[in-house]
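This report concerns only the one structure given below.
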Amino acid sequence: LGYIEYHEAISKYLKEERGLTYHEIGVLLHRNERTIWTCYSRAHKKQQERYLPEKTKFQVPVSIFHDRSVSVLEAISEYMKDSIGLTYHEFAEILNRDDRTIWTCYHRAKIKRTKHESTQS
């Protein structure tokens with residue numbers, strides 16, 4: 001299996017498992033439907049069989065991806081730390097990433113959101 005990027009995996013999951021159209025996914029993620037088609041197409045080329053996510057006790061709302069000023073991993077890291085209460089280590093183990101990567105993503109999200117909020121005021 002090829003390595004599927006986070007945004008590609010999200011597009012593939014929403015398309016195949018939830019049966020959403022490219023347009024519907026685009027609306028949910030605040031992305032252009034052509035971008036969603038591209039992400040899905042790349043994911044499908046890397047992994048042609050259906051994407052079957054592992055059962056987990058965590059559910060991530062699609063709404064955390066609306067803010068395009070943060071990356072997918074930054075948004076997920078922030079959600080898992082602030083809303084779920086996972087430690088960096090716990091979340092790093094789930095994603096098979098280094099603790100420092102999760103820490104960095106979380107702090108980048110906080111910095112970006114602070115900058116974004118200050119420009120909105």
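In the structure tokens, the first chain shown is A, the next is B, and so on; residue numbers restart at 1 for each chain, and ligands run from 1 in the order shown.
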
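Residues within 9 Å of stretch 69-76 of chain A, counting only C-alpha atoms and excluding same-chain residues fewer than 4 positions away, are A:Tyr6, A:His7, A:Val60, A:Ile64, A:Phe65, A:Met80, A:Lys81, A:Ile102, A:Thr104, A:Cys105, A:Tyr106, A:His107, A:Arg108, A:Ala109, A:Lys110, A:Lys112, A:Arg113, A:His116.
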
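Proximity to A:Tyr40 at 9 Å, evaluated using only C-alpha atoms and with sequence-adjacent residues fewer than 4 positions away removed, yields His7, Glu8, Ala9, Ile10, Ser11, Lys12, Tyr13, Lys15, Tyr22, Thr35, Ile36, His44 and Lys45 of chain A.
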
Go ahead and dump the residues you just picked, N, CA and C atoms, as a compact mmCIF listing (two decimals), in the first residue's frame.
```txt
# COMPACT_ATOMS: atom_id res chain seq x y z
N HIS A 7 -5.09 14.47 4.16
CA HIS A 7 -6.22 15.05 3.41
C HIS A 7 -6.74 14.09 2.35
N GLU A 8 -5.87 13.26 1.81
CA GLU A 8 -6.30 12.26 0.85
C GLU A 8 -7.14 11.19 1.54
N ALA A 9 -6.71 10.77 2.72
CA ALA A 9 -7.44 9.75 3.48
C ALA A 9 -8.83 10.25 3.87
N ILE A 10 -8.91 11.51 4.25
CA ILE A 10 -10.21 12.09 4.63
C ILE A 10 -11.14 12.09 3.42
N SER A 11 -10.63 12.52 2.27
CA SER A 11 -11.45 12.54 1.05
C SER A 11 -11.89 11.13 0.66
N LYS A 12 -10.98 10.18 0.73
CA LYS A 12 -11.30 8.79 0.38
C LYS A 12 -12.34 8.22 1.34
N TYR A 13 -12.18 8.47 2.61
CA TYR A 13 -13.13 7.98 3.60
C TYR A 13 -14.53 8.56 3.37
N LYS A 15 -15.78 9.85 0.70
CA LYS A 15 -16.34 9.42 -0.60
C LYS A 15 -16.80 7.97 -0.55
N TYR A 22 -18.22 14.77 -4.44
CA TYR A 22 -17.07 15.68 -4.32
C TYR A 22 -17.53 17.05 -3.85
N THR A 35 -10.45 20.14 -5.98
CA THR A 35 -9.38 19.78 -5.05
C THR A 35 -9.71 18.44 -4.39
N ILE A 36 -10.95 18.25 -4.01
CA ILE A 36 -11.38 17.00 -3.40
C ILE A 36 -11.22 15.86 -4.39
N HIS A 44 -6.89 7.00 -4.23
CA HIS A 44 -7.36 5.79 -4.88
C HIS A 44 -6.24 5.11 -5.68
N LYS A 45 -5.37 5.90 -6.29
CA LYS A 45 -4.22 5.33 -7.02
C LYS A 45 -3.26 4.64 -6.06
```

- request: Assign secondary structure with DSSP using the backbone only, and return the residues of chain A in helix (DSSP H, G or I) as a ChimeraX atom specification.
  value: /A:6-16,22-29,33-46,62-65,72-84,88-95,99-120

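A straight line drawn from atom CA of A:His66 to atom CA of A:Ser118 is 18.3 Å long.
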
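The space between atom CA of A:Glu24 and atom CA of A:Cys39 spans 14.1 Å.
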
message: List the spatial neighbours of A:Ile94 as a VMD selection string - criterion: any atom at most 12 Å away, only C-alpha atoms, same-chain residues fewer than 2 positions off excluded.
response: chain A and resid 54 to 58 76 to 77 80 86 to 92 96 to 99 102

Print the selection's residues with C-alpha atoms to a file, as an mmCIF file, in the first residue's frame.
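The resulting file, result_31.cif, is shown below:
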```
data_model
loop_
_atom_site.group_PDB
_atom_site.id
_atom_site.type_symbol
_atom_site.label_atom_id
_atom_site.label_comp_id
_atom_site.auth_asym_id
_atom_site.auth_seq_id
_atom_site.Cartn_x
_atom_site.Cartn_y
_atom_site.Cartn_z
ATOM 1 C CA GLU A 54 -9.655 0.893 12.330
ATOM 2 C CA LYS A 55 -12.326 1.052 14.992
ATOM 3 C CA THR A 56 -11.434 3.655 17.570
ATOM 4 C CA LYS A 57 -13.052 5.284 20.533
ATOM 5 C CA PHE A 58 -12.251 8.708 19.077
ATOM 6 C CA ILE A 76 -6.260 17.075 14.555
ATOM 7 C CA SER A 77 -3.458 17.570 17.088
ATOM 8 C CA MET A 80 -7.119 15.693 20.353
ATOM 9 C CA LEU A 86 -4.911 13.235 25.052
ATOM 10 C CA THR A 87 -1.262 13.780 25.851
ATOM 11 C CA TYR A 88 1.174 14.363 23.001
ATOM 12 C CA HIS A 89 2.545 10.875 23.629
ATOM 13 C CA GLU A 90 -0.867 9.186 23.512
ATOM 14 C CA PHE A 91 -1.772 10.870 20.252
ATOM 15 C CA ALA A 92 1.672 10.223 18.765
ATOM 16 C CA ASN A 96 2.667 6.238 14.841
ATOM 17 C CA ARG A 97 4.477 9.585 14.973
ATOM 18 C CA ASP A 98 7.122 11.029 17.232
ATOM 19 C CA ASP A 99 5.886 12.936 20.297
ATOM 20 C CA ILE A 102 2.667 16.159 17.568
#
```

message: Report, in Å with one decimal, the straight-line distance from atom CA of A:Gly26 to atom CA of A:Ser41.
response: 14.3 Å
